[in-house]
Amino acid sequence: YMNMQALTHLKQMSKNEFTQTEWIGKQKFNTIYTPFVNKQGILTAYINLQFFDLIYNQVDNTSSLIEGISNFFVIMVLITMGLAFAFSENLIRPLRVIQDNMARIKIGSKNEKIEYNGHDEIAELIDAYNHKVEELEVSAQLLAKSERETAWREMAKQVAHEIKNPLTPMKLSIQQLQRAWDDKHPNLDMYFNKVTATLIEQIENLSNIASEFSSFAQMPKTKNEIINLADIIKHVINLFEHNKINIVLSIQKQQETFMVYADKEQLSRVFINLITNSIQALHNTSNAKIEIILKTSKNMAVIDFSDNGPG
């Protein structure tokens, strides 16, 4: 007959196994009950296995051995990880120094070399870094020299351009005076005064350009004042009055005054340069036309220059 307590746990309480201590006379032993199911999943019997304390002791000893081995391996792994971390820190420290020095490298400034007394692969890497620092310093000096030469060349081109542009209205004014002289124009005195005023103004511009170039180390000081943009543009257009190209000024809403706070001379130079560049681009253009539109937008004066040339 099956133990009733085991039957109750397995059948009525649907346990998968039941273990208890039983006696045969004075002999104590441990027993385990478990259901036996066939391939169709039908319960056909209950299996009962007995085992004595000797087996328990063997199991305990085996478990203790496995636990000891596991603890040993855990300790060995921790020791290995500690040694690996210490070794990696010793290896990474010089690389971190190289990284920090590379991050501080700046072209044009003095870069520090790295001192390292080892004779390993790290030493070769640091030697290569120090060599590149020397090459960078030489390259920076050559670059600075090249930039200075380029800057002077660009400055010379700009000064030549600035000097050349005032010559165009000066030439036109003199040609205008020559035609008036040849034609015995009745208002010759007026033409003479107008041309001489233009020449004096452009000569002053040339003198200012030369002065600014001579004091190239200092930025030219602006002479700001309240001026009317419309008057400035009309005056510049009059300098090109006898040019064959039609220059048209359109003023938004026929507004007469566009008062701004600026340097009159520098603005005039800008407008002369723009018109001169357009005239050069319109050299072979039929019905050549330059249009200047003066308008306002959000409390600002806006000047649009356009021409019907190819550029």
# chains A, B, ... in the order shown; residues from 1 in each chain; ligands from 1

$ residues_around --residues "A:Ile47" --least-positions-apart "6" --cutoff "7 Å" --atoms "only C-alpha atoms" --output "PyMOL selection string"
chain A and resi 33-36

$ select_by_dssp --residues "stretch 75-278 of chain A" --states "alpha helix (DSSP H)" --output "JSON list (two decimals) with C-alpha atoms, in the first residue's frame"
[["chain", "number", "residue", "atom", "x", "y", "z"],
["A", 75, "ILE", "CA", 38.43, 34.85, -6.68],
["A", 76, "MET", "CA", 40.82, 34.09, -9.56],
["A", 77, "VAL", "CA", 38.61, 36.02, -11.99],
["A", 78, "LEU", "CA", 38.53, 39.03, -9.64],
["A", 79, "ILE", "CA", 42.32, 38.93, -9.20],
["A", 80, "THR", "CA", 42.78, 38.66, -12.98],
["A", 81, "MET", "CA", 40.44, 41.60, -13.60],
["A", 82, "GLY", "CA", 42.32, 43.69, -11.02],
["A", 83, "LEU", "CA", 45.68, 42.91, -12.61],
["A", 84, "ALA", "CA", 44.27, 43.62, -16.08],
["A", 85, "PHE", "CA", 42.87, 46.97, -14.90],
["A", 86, "ALA", "CA", 46.18, 47.97, -13.29],
["A", 87, "PHE", "CA", 48.11, 46.93, -16.41],
["A", 88, "SER", "CA", 45.69, 48.74, -18.72],
["A", 89, "GLU", "CA", 45.90, 51.92, -16.62],
["A", 90, "ASN", "CA", 49.68, 51.80, -16.85],
["A", 91, "LEU", "CA", 49.37, 51.33, -20.61],
["A", 92, "ILE", "CA", 46.65, 53.91, -21.21],
["A", 93, "ARG", "CA", 48.20, 56.71, -19.12],
["A", 94, "PRO", "CA", 50.83, 57.68, -21.76],
["A", 95, "LEU", "CA", 48.16, 57.46, -24.48],
["A", 96, "ARG", "CA", 45.95, 59.80, -22.48],
["A", 97, "VAL", "CA", 48.84, 62.26, -22.21],
["A", 98, "ILE", "CA", 49.25, 62.12, -25.98],
["A", 99, "GLN", "CA", 45.51, 62.67, -26.43],
["A", 100, "ASP", "CA", 45.51, 65.72, -24.14],
["A", 101, "ASN", "CA", 48.51, 67.25, -25.92],
["A", 102, "MET", "CA", 46.95, 66.65, -29.35],
["A", 103, "ALA", "CA", 43.74, 68.35, -28.16],
["A", 121, "GLU", "CA", 56.10, 51.00, -28.51],
["A", 122, "ILE", "CA", 54.68, 53.97, -26.59],
["A", 123, "ALA", "CA", 58.10, 55.65, -26.83],
["A", 124, "GLU", "CA", 58.05, 55.23, -30.63],
["A", 125, "LEU", "CA", 54.55, 56.74, -30.75],
["A", 126, "ILE", "CA", 55.62, 59.73, -28.62],
["A", 127, "ASP", "CA", 58.73, 60.25, -30.78],
["A", 128, "ALA", "CA", 56.51, 60.35, -33.85],
["A", 129, "TYR", "CA", 54.23, 62.88, -32.10],
["A", 130, "ASN", "CA", 57.17, 65.13, -31.14],
["A", 131, "HIS", "CA", 58.48, 64.97, -34.71],
["A", 132, "LYS", "CA", 55.07, 66.05, -36.06],
["A", 133, "VAL", "CA", 55.00, 68.94, -33.57],
["A", 134, "GLU", "CA", 58.32, 70.18, -35.01],
["A", 135, "GLU", "CA", 57.02, 69.82, -38.58],
["A", 136, "LEU", "CA", 53.81, 71.65, -37.63],
["A", 137, "GLU", "CA", 55.79, 74.57, -36.22],
["A", 138, "VAL", "CA", 57.82, 74.87, -39.44],
["A", 139, "SER", "CA", 54.65, 74.59, -41.56],
["A", 140, "ALA", "CA", 52.93, 77.27, -39.45],
["A", 141, "GLN", "CA", 55.83, 79.66, -40.04],
["A", 142, "LEU", "CA", 55.73, 79.02, -43.79],
["A", 143, "LEU", "CA", 51.95, 79.43, -43.79],
["A", 144, "ALA", "CA", 52.16, 82.73, -41.91],
["A", 145, "LYS", "CA", 54.76, 84.01, -44.38],
["A", 146, "SER", "CA", 52.60, 82.93, -47.33],
["A", 147, "GLU", "CA", 49.52, 84.57, -45.80],
["A", 148, "ARG", "CA", 51.40, 87.84, -45.31],
["A", 149, "GLU", "CA", 52.57, 87.81, -48.92],
["A", 150, "THR", "CA", 49.06, 86.99, -50.14],
["A", 151, "ALA", "CA", 47.60, 89.77, -47.98],
["A", 152, "TRP", "CA", 50.02, 92.32, -49.43],
["A", 153, "ARG", "CA", 49.25, 91.18, -52.97],
["A", 154, "GLU", "CA", 45.52, 91.49, -52.33],
["A", 155, "MET", "CA", 46.08, 94.88, -50.72],
["A", 156, "ALA", "CA", 48.06, 96.06, -53.72],
["A", 157, "LYS", "CA", 45.30, 94.89, -56.09],
["A", 158, "GLN", "CA", 42.66, 96.60, -53.96],
["A", 159, "VAL", "CA", 44.60, 99.87, -53.82],
["A", 160, "ALA", "CA", 45.14, 99.75, -57.58],
["A", 161, "HIS", "CA", 41.41, 99.18, -58.04],
["A", 162, "GLU", "CA", 40.52, 102.01, -55.65],
["A", 163, "ILE", "CA", 42.91, 104.38, -57.44],
["A", 164, "LYS", "CA", 41.72, 103.36, -60.90],
["A", 165, "ASN", "CA", 37.99, 103.90, -60.29],
["A", 166, "PRO", "CA", 38.13, 107.68, -59.54],
["A", 167, "LEU", "CA", 40.12, 108.13, -62.75],
["A", 168, "THR", "CA", 37.08, 107.19, -64.85],
["A", 169, "PRO", "CA", 34.87, 110.15, -63.83],
["A", 170, "MET", "CA", 37.94, 112.41, -63.97],
["A", 171, "LYS", "CA", 38.58, 111.34, -67.55],
["A", 172, "LEU", "CA", 34.92, 111.80, -68.51],
["A", 173, "SER", "CA", 34.85, 115.28, -66.94],
["A", 174, "ILE", "CA", 37.97, 116.38, -68.83],
["A", 175, "GLN", "CA", 36.53, 115.01, -72.10],
["A", 176, "GLN", "CA", 33.33, 116.90, -71.38],
["A", 177, "LEU", "CA", 35.31, 120.11, -70.84],
["A", 178, "GLN", "CA", 37.24, 119.53, -74.07],
["A", 179, "ARG", "CA", 34.03, 119.12, -76.07],
["A", 180, "ALA", "CA", 32.58, 122.24, -74.48],
["A", 181, "TRP", "CA", 35.77, 124.14, -75.39],
["A", 182, "ASP", "CA", 35.78, 122.86, -78.98],
["A", 188, "LEU", "CA", 31.80, 127.26, -70.73],
["A", 189, "ASP", "CA", 32.41, 128.90, -67.35],
["A", 190, "MET", "CA", 29.76, 126.70, -65.76],
["A", 191, "TYR", "CA", 31.29, 123.57, -67.33],
["A", 192, "PHE", "CA", 34.73, 124.67, -66.19],
["A", 193, "ASN", "CA", 33.63, 125.17, -62.59],
["A", 194, "LYS", "CA", 31.73, 121.87, -62.60],
["A", 195, "VAL", "CA", 34.67, 119.89, -64.00],
["A", 196, "THR", "CA", 37.21, 121.48, -61.69],
["A", 197, "ALA", "CA", 34.97, 120.71, -58.69],
["A", 198, "THR", "CA", 34.72, 117.08, -59.82],
["A", 199, "LEU", "CA", 38.48, 116.82, -60.36],
["A", 200, "ILE", "CA", 39.22, 118.33, -56.96],
["A", 201, "GLU", "CA", 36.80, 115.93, -55.28],
["A", 202, "GLN", "CA", 38.28, 112.87, -56.98],
["A", 203, "ILE", "CA", 41.84, 114.04, -56.29],
["A", 204, "GLU", "CA", 40.90, 114.30, -52.61],
["A", 205, "ASN", "CA", 39.57, 110.73, -52.80],
["A", 206, "LEU", "CA", 42.88, 109.59, -54.28],
["A", 207, "SER", "CA", 44.76, 111.42, -51.57],
["A", 208, "ASN", "CA", 42.64, 109.76, -48.88],
["A", 209, "ILE", "CA", 43.22, 106.33, -50.42],
["A", 210, "ALA", "CA", 46.97, 106.95, -50.36],
["A", 211, "SER", "CA", 46.77, 108.11, -46.75],
["A", 212, "GLU", "CA", 44.80, 105.04, -45.72],
["A", 213, "PHE", "CA", 47.30, 102.78, -47.46],
["A", 214, "SER", "CA", 50.22, 104.50, -45.79],
["A", 229, "LEU", "CA", 21.41, 109.14, -49.81],
["A", 230, "ALA", "CA", 19.43, 110.47, -52.77],
["A", 231, "ASP", "CA", 21.74, 113.49, -53.07],
["A", 232, "ILE", "CA", 24.85, 111.29, -52.87],
["A", 233, "ILE", "CA", 23.61, 108.97, -55.63],
["A", 234, "LYS", "CA", 22.55, 111.87, -57.87],
["A", 235, "HIS", "CA", 25.98, 113.46, -57.43],
["A", 236, "VAL", "CA", 27.73, 110.20, -58.38],
["A", 237, "ILE", "CA", 25.47, 109.78, -61.44],
["A", 238, "ASN", "CA", 26.41, 113.30, -62.57],
["A", 239, "LEU", "CA", 30.07, 112.22, -62.65],
["A", 264, "LYS", "CA", 29.76, 110.38, -47.24],
["A", 265, "GLU", "CA", 33.15, 109.78, -48.88],
["A", 266, "GLN", "CA", 33.16, 106.02, -48.38],
["A", 267, "LEU", "CA", 29.60, 105.69, -49.67],
["A", 268, "SER", "CA", 30.47, 107.73, -52.76],
["A", 269, "ARG", "CA", 33.47, 105.46, -53.36],
["A", 270, "VAL", "CA", 31.24, 102.38, -53.13],
["A", 271, "PHE", "CA", 28.72, 103.80, -55.61],
["A", 272, "ILE", "CA", 31.47, 104.88, -58.06],
["A", 273, "ASN", "CA", 33.00, 101.39, -57.92],
["A", 274, "LEU", "CA", 29.64, 99.72, -58.60],
["A", 275, "ILE", "CA", 28.82, 101.96, -61.55],
["A", 276, "THR", "CA", 32.36, 101.65, -62.98],
["A", 277, "ASN", "CA", 32.18, 97.85, -62.79],
["A", 278, "SER", "CA", 28.81, 97.88, -64.58]]

$ atom_distance --atom1 "atom CA of A:Gly309" --atom2 "atom CA of A:Ile279"
8.9 Å

$ select_by_dssp --residues "stretch 238-270 of chain A" --states "strand (DSSP E or B)" --output "list in words"
Asn246, Ile247, Val248, Leu249, Ser250, Ile251, Met259, Val260, Tyr261, Ala262 and Asp263 of chain A

$ residues_around --residues "stretch 285-300 of chain A" --least-positions-apart "3" --cutoff "9 Å" --atoms "only C-alpha atoms" --output "NGL selection string"
:A and (229-230 or 233 or 244-253 or 255 or 258 or 260 or 275 or 278-279 or 281-282 or 303-310)

$ write_last_selection --atoms "C-alpha atoms" --output "PDB file, in the first residue's frame"
ATOM      1  CA  LEU A 229      21.411 109.143 -49.815  1.00  0.00           C
ATOM      2  CA  ALA A 230      19.426 110.471 -52.765  1.00  0.00           C
ATOM      3  CA  ILE A 233      23.615 108.967 -55.631  1.00  0.00           C
ATOM      4  CA  LYS A 244      27.152 106.549 -73.450  1.00  0.00           C
ATOM      5  CA  ILE A 245      25.437 104.157 -71.020  1.00  0.00           C
ATOM      6  CA  ASN A 246      22.042 105.229 -69.723  1.00  0.00           C
ATOM      7  CA  ILE A 247      22.008 105.448 -65.910  1.00  0.00           C
ATOM      8  CA  VAL A 248      18.522 105.662 -64.403  1.00  0.00           C
ATOM      9  CA  LEU A 249      17.702 106.417 -60.762  1.00  0.00           C
ATOM     10  CA  SER A 250      14.300 105.337 -59.461  1.00  0.00           C
ATOM     11  CA  ILE A 251      13.159 106.578 -56.059  1.00  0.00           C
ATOM     12  CA  GLN A 252      10.422 104.734 -54.221  1.00  0.00           C
ATOM     13  CA  LYS A 253       7.227 106.809 -53.880  1.00  0.00           C
ATOM     14  CA  GLN A 255      10.554 110.298 -51.655  1.00  0.00           C
ATOM     15  CA  PHE A 258      16.672 109.258 -47.275  1.00  0.00           C
ATOM     16  CA  VAL A 260      21.202 108.114 -42.869  1.00  0.00           C
ATOM     17  CA  ILE A 275      28.818 101.961 -61.553  1.00  0.00           C
ATOM     18  CA  SER A 278      28.814  97.878 -64.575  1.00  0.00           C
ATOM     19  CA  ILE A 279      30.154 100.171 -67.315  1.00  0.00           C
ATOM     20  CA  ALA A 281      30.682  94.827 -68.082  1.00  0.00           C
ATOM     21  CA  LEU A 282      28.338  96.679 -70.496  1.00  0.00           C
ATOM     22  CA  ILE A 303      19.810 100.580 -52.753  1.00  0.00           C
ATOM     23  CA  ASP A 304      19.514  98.107 -55.661  1.00  0.00           C
ATOM     24  CA  PHE A 305      22.076  98.286 -58.494  1.00  0.00           C
ATOM     25  CA  SER A 306      21.334  96.319 -61.662  1.00  0.00           C
ATOM     26  CA  ASP A 307      22.332  96.373 -65.333  1.00  0.00           C
ATOM     27  CA  ASN A 308      21.377  94.465 -68.479  1.00  0.00           C
ATOM     28  CA  GLY A 309      24.898  93.162 -69.094  1.00  0.00           C
ATOM     29  CA  PRO A 310      25.991  89.519 -69.319  1.00  0.00           C
TER      30      PRO A 310
END

$ atom_distance --atom1 "atom CA of A:Met13" --atom2 "atom CA of A:Asn38"
20.2 Å
